[in-house]
Every structure is written in structure tokens, then in C-alpha cells.
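Asks: Here you go, one structure.
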Amino acid sequence: MTETPDEVIRKLRLTMLISLRGAGRFIDINRNENTKINHVLSTYMNNIDFGEDVDSYSKYMGKIDNSLMFESNQVETQEEKDAKEVAIEDWANKYDWSFFEEEMMNSVEKRPSSHLVLKYIKETARLEFLSAIVIKKALPDLKVVANYKADDQGIPFSTASGGRNNQIGADIDVFENEVHAILEPTISKQRSFQVEHELPSIRNHVLESAKKDVADSNHYKEWFSLFIASNISRDVGDQSELIRQTNGVKIYPWDIVDFVNYSQNVRSIRDYKKIREYAMPQKMPGM
């Protein structure tokens, strides 16, 4: 109880049982997790007096309550998906472009946000949230499906879970007519991480998304990804081109500031299918 209110709220949100209300001015129970909340109330309402019995206290505190575990492959309800879509659209309408550029760079630079909601969201999840909002602000008619874990107000707790347990693991899916595009933001500025971790994962997400769409007889006929990062190295451009030639997967790297500025004048998701100068593959002289 001696900690600051901000720190208390951050730790409460780690339980994923608490939602932010009133633009971050209030907290409430997360209605998405009513079962867990009722379990907490019925099981832990009363404090246990251990007296001087240190062993009993340690044994009790060391137990894991499986009823409070979160499964990475838990299927979202339609209500949960709708809450995220509503939040993305609301934020897209509420804030201007400079706000998103500043907050996305705050995330990448791991600077704290002064915004009443964003300051409680970890940088990685914050960047996914803001990227989804920017693409929605740019193209309001897009269907934007963000795969991060969120509360009943659509505000993220954590990033997308990644490709495991039969899940494709894309960060953000975007749909426009016959196009199924994937947004993959990262806060990492390290060349090795972007090239060796992010790009192979993105390639797999696009491949698996296309395979699933074909298997499910969906109407999508075009798949590609936007890789959103800062400090994009030439190696990212080289590896993206190699993936394109080897696997047929199109990945378009976008610097965050460039992505936000360019988004102000697009008319289709296809407008992002550009190789920017900073991501051009390197070539030998004379080629």
C-alpha cells in the first residue's frame, strides 16, 4: 500500500482481471473473466492467520492455483473481438496523426507515456495497439483484427501469443476485398533480431494464413505483410527480397515515422506495397 497508484494499477493489470474505465481514470473488474473473479472472491476473501508458522505460509504461497491460469490457445468470444474493434475505431477517430507518431516512438524507445491509458500498457503491446489504430485511421473501411489479449474495453494486456497450439500467431490481420494483409510491429531495433527472428516468423505467418484461407475456401486471393519497425537495416531489405524470391511471400518493411506519415494519404491497403529507399536490397555495382 506504500506504492504509487500507477504502480498498483500496473500490478493489478498483470492479473488480467482488471479493466480500465473512464479513459483510464477508473478501474473495474474485467467482465471477460467473471469466472476467475468469482473464484477469487469465493476462495481468497478471508485472510489466513499463519501466526509464526513460516513453513505453512511458504507452502501456501508457493501453490499454483490452476483455476487462475490463462491458456494461450483460449478461443476469444465474439464479444471480446467486438470490444477490440470498437476500441481501435474509437481511438482512430479521437486522436490525430502526431499523437500516434509520438506514442509509437515512445514505445520503441521504451519511454513512458503520459497518456492515462497507454502508460499502463507494456511497450510491445502498446505498439501493436497503436499500429492497428493507425491502419484503421488511414483506411476506415478496413476490417482490422488485432490478436493481442485485451480487457472488456478492448485495451491490451499483452501482445499476440505467437504461432503455437495450432494458432497462426500473426499480430494484426487486415482484410480489404480480396486482400488479407498482416501487420507485424516490433519494438526491437536490433538488426539481428529483425532479420533472424522477425522476418522468418512473418514469412511463416503469411504462408500459414494463405494456406488456411485456401483450405477454408475463403475469398482472399492476395496475401502480404507490412513489417513496422524503427532503425530498419539494409539486411532487412536483403532478407525480405530473398524471402520473396524463395517463398513467394511479400514483406514490405516500413519505418514507424514513415508509416504514420504515409498513412495519411492512402486509399487502399495495396498502397503500402512499396519498397522504401531504406529497405532497398543491396546490389553489386553495375547491376
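Here's how to read the names in the C-alpha cells: chain A, B, ... by the order shown, residue numbers from 1 in each chain, ligand numbers from 1 in the order shown.
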Please, which residues of region 80-176 of chain A, numbered as in this document, come out alpha helix (DSSP H) from DSSP, as an mmCIF file with C-alpha atoms, in the first residue's frame?

Replies:
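Output (states04.cif):
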```
data_model
loop_
_atom_site.group_PDB
_atom_site.id
_atom_site.type_symbol
_atom_site.label_atom_id
_atom_site.label_comp_id
_atom_site.auth_asym_id
_atom_site.auth_seq_id
_atom_site.Cartn_x
_atom_site.Cartn_y
_atom_site.Cartn_z
ATOM 1 C CA GLU A 80 -14.163 -9.871 -26.830
ATOM 2 C CA LYS A 81 -13.363 -9.421 -30.523
ATOM 3 C CA ASP A 82 -16.018 -6.716 -30.857
ATOM 4 C CA ALA A 83 -14.593 -4.791 -27.871
ATOM 5 C CA LYS A 84 -11.178 -4.632 -29.543
ATOM 6 C CA GLU A 85 -12.658 -3.447 -32.833
ATOM 7 C CA VAL A 86 -14.678 -0.743 -31.073
ATOM 8 C CA ALA A 87 -11.608 0.480 -29.160
ATOM 9 C CA ILE A 88 -9.488 0.620 -32.332
ATOM 10 C CA GLU A 89 -12.144 2.614 -34.190
ATOM 11 C CA ASP A 90 -12.782 4.972 -31.256
ATOM 12 C CA TRP A 91 -9.103 5.787 -30.844
ATOM 13 C CA ALA A 92 -8.674 6.237 -34.607
ATOM 14 C CA ASN A 93 -11.420 8.880 -34.573
ATOM 15 C CA LYS A 94 -10.289 10.558 -31.356
ATOM 16 C CA TRP A 97 -1.546 11.660 -36.538
ATOM 17 C CA SER A 98 1.089 13.434 -34.451
ATOM 18 C CA PHE A 99 -0.217 11.713 -31.325
ATOM 19 C CA PHE A 100 0.242 8.269 -32.866
ATOM 20 C CA GLU A 101 3.709 9.058 -34.213
ATOM 21 C CA GLU A 102 4.842 10.297 -30.807
ATOM 22 C CA GLU A 103 3.371 7.384 -28.880
ATOM 23 C CA MET A 104 4.683 4.756 -31.306
ATOM 24 C CA MET A 105 8.177 6.209 -30.972
ATOM 25 C CA ASN A 106 7.757 6.306 -27.188
ATOM 26 C CA SER A 107 7.040 2.574 -27.361
ATOM 27 C CA VAL A 108 10.094 1.799 -29.481
ATOM 28 C CA GLU A 123 5.657 -1.138 -24.808
ATOM 29 C CA THR A 124 5.350 -4.239 -27.022
ATOM 30 C CA ALA A 125 1.567 -4.455 -26.667
ATOM 31 C CA ARG A 126 1.302 -0.675 -26.912
ATOM 32 C CA LEU A 127 2.977 -0.683 -30.321
ATOM 33 C CA GLU A 128 0.626 -3.402 -31.616
ATOM 34 C CA PHE A 129 -2.371 -1.437 -30.339
ATOM 35 C CA LEU A 130 -1.207 1.821 -31.938
ATOM 36 C CA SER A 131 -0.317 0.132 -35.247
ATOM 37 C CA ALA A 132 -3.823 -1.313 -35.501
ATOM 38 C CA ILE A 133 -5.298 2.118 -34.801
ATOM 39 C CA VAL A 134 -3.126 3.870 -37.410
ATOM 40 C CA ILE A 135 -4.131 1.478 -40.194
ATOM 41 C CA LYS A 136 -7.783 1.905 -39.207
ATOM 42 C CA LYS A 137 -7.450 5.680 -39.155
ATOM 43 C CA ALA A 138 -5.845 5.558 -42.606
#
```

Asks: Considering only strand (DSSP E) as DSSP defines it on the backbone, what residues of region 131-197 of chain A qualify? List them as a list in words.

Replies: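 So the strand (DSSP E) residues in region 131-197 of chain A would be Lys143, Val144, Val145, Ala146, Lys149, Ala150, Pro156, Phe157, Ser158, Ile172, Asp173, Val174, Phe175, Glu176, Val179, His180, Ala181, Ile182, Leu183, Glu184 and Pro185 of chain A.
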
Asks: Okay, now the selection with C-alpha atoms, as a CSV table (one decimal), in the first residue's frame?

Replies:
```csv
chain,number,residue,atom,x,y,z
A,143,LYS,CA,-11.6,-5.0,-41.3
A,144,VAL,CA,-8.9,-4.9,-38.6
A,145,VAL,CA,-8.5,-7.9,-36.3
A,146,ALA,CA,-5.9,-7.4,-33.6
A,149,LYS,CA,-5.1,-10.2,-25.3
A,150,ALA,CA,-7.4,-7.3,-24.1
A,156,PRO,CA,-4.4,-4.7,-24.5
A,157,PHE,CA,-3.0,-6.6,-21.6
A,158,SER,CA,-0.3,-8.4,-23.7
A,172,ILE,CA,-2.8,-8.0,-36.7
A,173,ASP,CA,-4.8,-9.3,-39.6
A,174,VAL,CA,-6.3,-6.7,-42.0
A,175,PHE,CA,-8.9,-7.5,-44.7
A,176,GLU,CA,-9.9,-5.5,-47.7
A,179,VAL,CA,-6.6,-8.9,-49.8
A,180,HIS,CA,-5.6,-10.5,-46.5
A,181,ALA,CA,-2.6,-8.5,-45.2
A,182,ILE,CA,-0.7,-8.9,-41.9
A,183,LEU,CA,0.8,-6.1,-39.8
A,184,GLU,CA,3.8,-7.1,-37.7
A,185,PRO,CA,5.2,-4.3,-35.5
```

Asks: I'd like the contact shell of Ser233 (chain A) - 10 Å cut-off, only C-alpha atoms, skipping same-chain residues fewer than 5 positions apart - returned as a PyMOL selection string.

Replies: chain A and resi 189-192+194-195+238+253+278-280

Asks: Got time to write the residues from that selection, C-alpha atoms, as a PDB file, in the first residue's frame?

Replies:
```pdb
ATOM      1  CA  LYS A 189      15.850  -2.021 -33.233  1.00  0.00           C
ATOM      2  CA  GLN A 190      18.493  -4.739 -33.330  1.00  0.00           C
ATOM      3  CA  ARG A 191      19.492  -5.855 -36.823  1.00  0.00           C
ATOM      4  CA  SER A 192      19.982  -9.475 -35.754  1.00  0.00           C
ATOM      5  CA  GLN A 194      14.744  -8.127 -37.028  1.00  0.00           C
ATOM      6  CA  VAL A 195      16.498 -10.328 -39.603  1.00  0.00           C
ATOM      7  CA  ASP A 238      18.021  -8.041 -48.423  1.00  0.00           C
ATOM      8  CA  PRO A 253       9.378  -3.049 -44.296  1.00  0.00           C
ATOM      9  CA  TYR A 278      15.874   2.482 -46.754  1.00  0.00           C
ATOM     10  CA  ALA A 279      14.728  -1.118 -47.415  1.00  0.00           C
ATOM     11  CA  MET A 280      16.023  -1.482 -50.967  1.00  0.00           C
TER      12      MET A 280
END
```

Asks: Pick out the residues sitting within 12 Å of Ser201 (chain A), and hand them over as a ChimeraX atom specification; count only C-alpha atoms, and ignore anything fewer than 3 positions along from it in its own chain.

Replies: /A:162-164,168-171,182,184-186,193-198,204-208,225,227,240,243,249,251

Asks: Looking at A:Gln264, A:Ser67, A:Gln282, A:Thr77, which one is nearest to Val236 (chain A), with distances taken over only C-alpha atoms?

Replies: A:Gln282

Asks: Can you work out the spacing between CA of Trp254 (chain A) and CA of Asn218 (chain A) in Å, to one decimal?

Replies: 27.9 Å

Asks: Could you jot down the CA of Pro5 (chain A) to CA of Phe26 (chain A) separation for me, Å, one decimal place?

Replies: 11.3 Å

Asks: Have a look at A:Gln245, A:Ser19, A:Ser209, A:Asn231 and name the one nearest to Ser188 (chain A); count only C-alpha atoms.

Replies: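 Of A:Gln245, A:Ser19, A:Ser209, A:Asn231, the one nearest Ser188 (chain A) is A:Asn231, counting only C-alpha atoms.
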
Asks: If we count only C-alpha atoms, what is near region 8-12 of chain A at a cut-off of 12 Å, once residues fewer than 3 positions away on the same chain are taken out, given as a list in words?

Replies: Met1, Thr2, Glu3, Thr4, Pro5, Thr15, Met16, Leu17, Ile18, Ser19, Leu20, Gly24, Arg25, Phe26, Ile27, Asp28, Ile29, Asn30, Leu116, Val117, Leu118, Lys119, Tyr120, Ile121, Lys122 and Phe157 of chain A

Asks: Would you mind exporting the chosen residues as an mmCIF file, in the first residue's frame, restricted to C-alpha atoms?

Replies:
```cif
data_model
loop_
_atom_site.group_PDB
_atom_site.id
_atom_site.type_symbol
_atom_site.label_atom_id
_atom_site.label_comp_id
_atom_site.auth_asym_id
_atom_site.auth_seq_id
_atom_site.Cartn_x
_atom_site.Cartn_y
_atom_site.Cartn_z
ATOM 1 C CA MET A 1 0.000 0.000 0.000
ATOM 2 C CA THR A 2 3.037 2.297 0.097
ATOM 3 C CA GLU A 3 3.477 2.133 -3.693
ATOM 4 C CA THR A 4 2.245 4.798 -6.063
ATOM 5 C CA PRO A 5 -1.260 4.378 -7.541
ATOM 6 C CA THR A 15 -3.672 -10.432 -13.264
ATOM 7 C CA MET A 16 -5.786 -9.579 -16.360
ATOM 8 C CA LEU A 17 -8.779 -9.364 -14.033
ATOM 9 C CA ILE A 18 -8.899 -5.556 -14.001
ATOM 10 C CA SER A 19 -10.196 -3.222 -16.735
ATOM 11 C CA LEU A 20 -9.600 0.483 -17.199
ATOM 12 C CA GLY A 24 -8.067 5.453 -17.683
ATOM 13 C CA ARG A 25 -9.379 7.396 -14.697
ATOM 14 C CA PHE A 26 -11.097 4.414 -13.049
ATOM 15 C CA ILE A 27 -10.638 0.672 -12.687
ATOM 16 C CA ASP A 28 -13.248 -2.060 -12.588
ATOM 17 C CA ILE A 29 -13.482 -5.830 -12.881
ATOM 18 C CA ASN A 30 -12.829 -7.291 -16.330
ATOM 19 C CA LEU A 116 -3.824 7.856 -18.825
ATOM 20 C CA VAL A 117 -4.393 4.545 -20.622
ATOM 21 C CA LEU A 118 -1.209 3.960 -22.611
ATOM 22 C CA LYS A 119 1.020 4.356 -19.563
ATOM 23 C CA TYR A 120 -0.393 1.090 -18.193
ATOM 24 C CA ILE A 121 0.322 -0.911 -21.368
ATOM 25 C CA LYS A 122 3.699 -2.592 -21.871
ATOM 26 C CA PHE A 157 -2.951 -6.627 -21.608
#
```

Asks: Leaving out Asp255 (chain A) and any residue of its chain fewer than 3 positions from it, which residues lie within 8 Å of it when counting only C-alpha atoms, given as a count of residues only?

Replies: 7

Asks: By how many Å are CA of Trp223 (chain A) and CA of Gln74 (chain A) apart?

Replies: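 These two atoms are separated by 25.8 Å.
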
Asks: Neighbours of region 34-39 of chain A within 7 Å (only C-alpha atoms; same-chain residues fewer than 2 positions away dropped), as a CSV table (one decimal) with N, CA, C and O atoms, in the first residue's frame?

Replies:
```csv
chain,number,residue,atom,x,y,z
A,17,LEU,N,-7.4,-9.3,-14.6
A,17,LEU,CA,-8.8,-9.4,-14.0
A,17,LEU,C,-9.3,-7.9,-13.9
A,17,LEU,O,-10.5,-7.8,-13.4
A,31,ARG,N,-15.0,-7.9,-17.2
A,31,ARG,CA,-16.2,-8.8,-17.3
A,31,ARG,C,-15.8,-10.1,-18.2
A,31,ARG,O,-16.5,-11.1,-18.1
A,32,ASN,N,-14.8,-10.0,-19.0
A,32,ASN,CA,-14.4,-11.2,-19.7
A,32,ASN,C,-13.9,-12.3,-18.9
A,32,ASN,O,-13.9,-13.5,-19.3
A,41,LEU,N,-13.1,-14.3,-5.4
A,41,LEU,CA,-13.9,-13.8,-4.3
A,41,LEU,C,-14.3,-15.0,-3.3
A,41,LEU,O,-14.4,-14.8,-2.1
A,42,SER,N,-14.6,-16.1,-3.9
A,42,SER,CA,-15.1,-17.2,-3.1
A,42,SER,C,-13.9,-18.0,-2.3
A,42,SER,O,-14.1,-18.6,-1.3
A,43,THR,N,-12.7,-17.9,-2.9
A,43,THR,CA,-11.6,-18.6,-2.3
A,43,THR,C,-10.7,-17.8,-1.5
A,43,THR,O,-10.1,-18.3,-0.5
A,67,SER,N,-6.9,-22.7,-11.4
A,67,SER,CA,-8.2,-22.0,-11.8
A,67,SER,C,-7.9,-20.6,-12.3
A,67,SER,O,-8.8,-20.0,-13.0
A,68,LEU,N,-6.8,-20.1,-12.0
A,68,LEU,CA,-6.4,-18.7,-12.4
A,68,LEU,C,-5.4,-18.7,-13.6
A,68,LEU,O,-5.0,-17.6,-14.0
```
